[in-house]
Amino acid sequence: MVDNLLASLGVERSAYTMGSHPVHTPIDGSRIASVRLDTPADVAAKIAQARQAFDAWRAVPAPRRGELLRVFGEVLRRNKQALGELVSWEAGKITQEGLGEVQEMIDICDFAVGLSRQLYGLTIASERPGHHMRETWHPLGVVGVISAFNFPVAVWAWNTTLALVAGNAVIWKPSEKTPLAALASQALLQQAMREHGDVPQWLSQVCVGDRAAGLALVDDPRVALVSATGSTRMGREVGPRVAARFGRSILELGGNNAMILAPSADLDLAVRAILFAAVGTAGQRCTTLRRLIAHESVRDEIVARLKSAYAKVRIGHPLQGNLVGPLIDKAAYEAMQNALSQARQEGGKVHGGERRLSDEYPDAYYVSPALVEMPGQTDVVRHETFAPILYVMPYSDFAEAIRLNNEVPQGLSSCVFTTDLREAELFQSALGSDCGIANVNIGTSGAEIGGAFGGEKETGGGRESGSDAWKAYMRRQTNTVNYSRELPLAQGISFD
Ligand code: UN1
């Protein structure tokens with residue numbers, strides 16, 4: 001099955017049959033491929049090749065670079081079904097979410113095409129007669145992309161499309177849990193490169209490797225920018241190492257995303273939004289809803305409604321019409337169980353969370369999503385557990401709800417469900433949510449590509465995807481030009 005998908009996506013057979021690193025599907029735990037791992041020396045060689053590609057690519061006009069992404073978008077449209085299905089096999093996403101992830105790649109390709117004619121700088125008034133100033137944006141160099149298992153293709157696409165339009169070369173280190181989706185995405189990009197016809201070799205490369213290979217990318221001064229998505233623990237290591245060599249980084253790390261449910265909220269809408277955000281992708285999005293801060297007047301009702309909605313959620317094989325697929329692996333299951341027992345010790349009342357389908361799939365980890373009534377924001381609630389656990393906590397006044405929203409180490413996504421305009425505006429104001437994303441009457445996950453994506457505090461501060469996130473992939477240059485016959489100095493200094 002997976003072999004057929006990989007072949008149809010243009011991946012060479014030796015790339016997924018000859019290696020020493022086994023790849024397992026979370027659907028039933030079986031081995032579906034084995035891939036070769038790059039050593040740090042391999043990574044260094046690829047960086048040297050990428051540097052050569054950069055030297056050529058930066059000279060190609062940006063709209064012509066954009067043409068590559070237009071073709072890539074078309075290739076992705078033709079292969080959406082197969083790539084989406086491969087994502088399901090490798091990451092355990094349900095059909096709709098596998099397809100949605102590929103759509104996110106297509107959307108960012110379209111965005112990048114438009115951007116290729118809009119890498120705008122400024123003109124700035126000079127204080128000196130006969131002078132003008134302007135700001136220009138130039139390609140940066142080699143960009144390293146480190147991505148996680150849970151969005152095995154879209155996060156690379158956000159980074160790579162912008163990096164390529166900006167004139168850079170890219171080296172991608174995907175999660176070791178999802179190398180096949182990476183090899184397939186790379187094969188599709190190479191197909192687009194052949195169709196485009198004007199692209200230097202080595203412009204985009206993949207390094208499948210372990211921690212040492214990742215660090216080879218992180219520590220190499222020839223890599224101008226490292227864009228890393230994953231756990232806060234990973235970012236805590238990557239950020240300082242890149243900074244120590246004065247490289248740039250974009251960090252997109254853990255989230256601990258909350259919804260404030262106000263007394264005036266439309267509860268029908270809220271239940272649907274909570275279900276998608278808390279249970280979707282089996283709770284394994286960085287934007288997953290993990291905390292529900294419910295006004296005490298609606299708390300009991302929302303818990304009752306969620307309990308009945310959770311009981312109806314179909315759990316099982318992600319390609320067979322279910323809503324919740326498996327966790328990525330046993331370690332994820334154990335982390336979930338540890339968090340639930342800690343929650344009980346901290347006064348929590350746990351509904352659900354138990355293992356499911358273990359007879360049918362003894363080597364896979366399906367769980368019922370857990371709903372946990374907590375007396376307050378205890379230690380376990382302040383920690384991101386990458387599993388479907390939703391902690392529910394009460395609040396009595398809106399200021400307290402905002403305080404709870406902000407009182408965690410992470411700052412990625414947040415939302416309020418209210419029909420009170422004042423609450424909605426306050427939540428999005430400077431006195432409101434401290435997160436990179438603050439939504440009204442929409443859940444915390446499932447952001448569109450057009451906005452800048454990322455968050456504050458332990459989420460790492462980076463922004464990817466839409467808005468002006470492209471600027472992080474370019475270097476800014478200030479130009480002052482004298483078209484007069486005099487040499488006036490700035491600040492009125494006379495130097496005669
Ligand atoms: C992630 O989980 O790393 O907003 C990215 C969302 C998706 C991206 C999630 N568009 O949920």
# chains A, B, ... in the order shown; residues from 1 in each chain; ligands from 1
call {"tool": "residues_around", "arguments": {"residues": "Gln191 in chain A", "least_positions_apart": "2", "cutoff": "12 Å", "atoms": "only C-alpha atoms", "output": "list in words"}}
result
Leu9, Gly10, Val11, Leu68, Leu69, Val71, Phe72, Gly73, Glu74, Val75, Leu76, Arg78, Asn79, Ala184, Ser185, Gln186, Ala187, Leu188, Leu189, Met193, Arg194, Glu195, His196, Gly197, Val199 and Ser204 of chain A
call {"tool": "residues_around", "arguments": {"residues": "Asp363 in chain A", "least_positions_apart": "6", "cutoff": "8 Å", "atoms": "only C-alpha atoms", "output": "count of residues only"}}
result
3
call {"tool": "residues_near_ligand", "arguments": {"ligand": "ligand 1", "cutoff": "8 Å", "atoms": "only C-alpha atoms and all ligand atoms", "output": "VMD selection string"}}
result
chain A and resid 101 104 148 150 to 151 154 to 155 229 to 230 252 to 253 284 to 288 444 to 449 453
call {"tool": "write_last_selection", "arguments": {"atoms": "C-alpha atoms", "output": "compact mmCIF listing (two decimals), in the first residue's frame"}}
result
# COMPACT_ATOMS: atom_id res chain seq x y z
CA GLU A 101 -2.43 19.36 5.29
CA GLU A 104 -2.15 23.96 3.26
CA ALA A 148 8.00 17.57 13.59
CA ASN A 150 2.58 16.00 13.48
CA PHE A 151 2.66 18.27 10.42
CA ALA A 154 2.86 21.54 5.62
CA VAL A 155 5.39 23.09 8.00
CA THR A 229 9.31 23.38 14.79
CA GLY A 230 8.91 20.97 17.68
CA GLU A 252 7.83 27.42 16.64
CA LEU A 253 7.61 25.35 19.81
CA GLN A 284 -1.33 16.24 18.44
CA ARG A 285 -1.31 19.75 16.96
CA CYS A 286 0.78 22.49 18.47
CA THR A 287 -2.48 24.49 18.28
CA THR A 288 -4.62 21.80 19.97
CA THR A 444 -7.43 27.56 18.62
CA SER A 445 -6.34 25.26 15.77
CA GLY A 446 -6.69 25.20 12.01
CA ALA A 447 -5.20 28.60 11.18
CA GLU A 448 -5.19 29.78 7.55
CA ILE A 449 -1.83 30.28 5.86
CA PHE A 453 1.84 31.80 12.50
call {"tool": "residues_around", "arguments": {"residues": "range 389-402 of chain A", "least_positions_apart": "6", "cutoff": "8 Å", "atoms": "only C-alpha atoms", "output": "VMD selection string"}}
result
chain A and resid 260 262 278 283 289 to 296 299 336 353 369 to 377 381 423 427 432 to 433
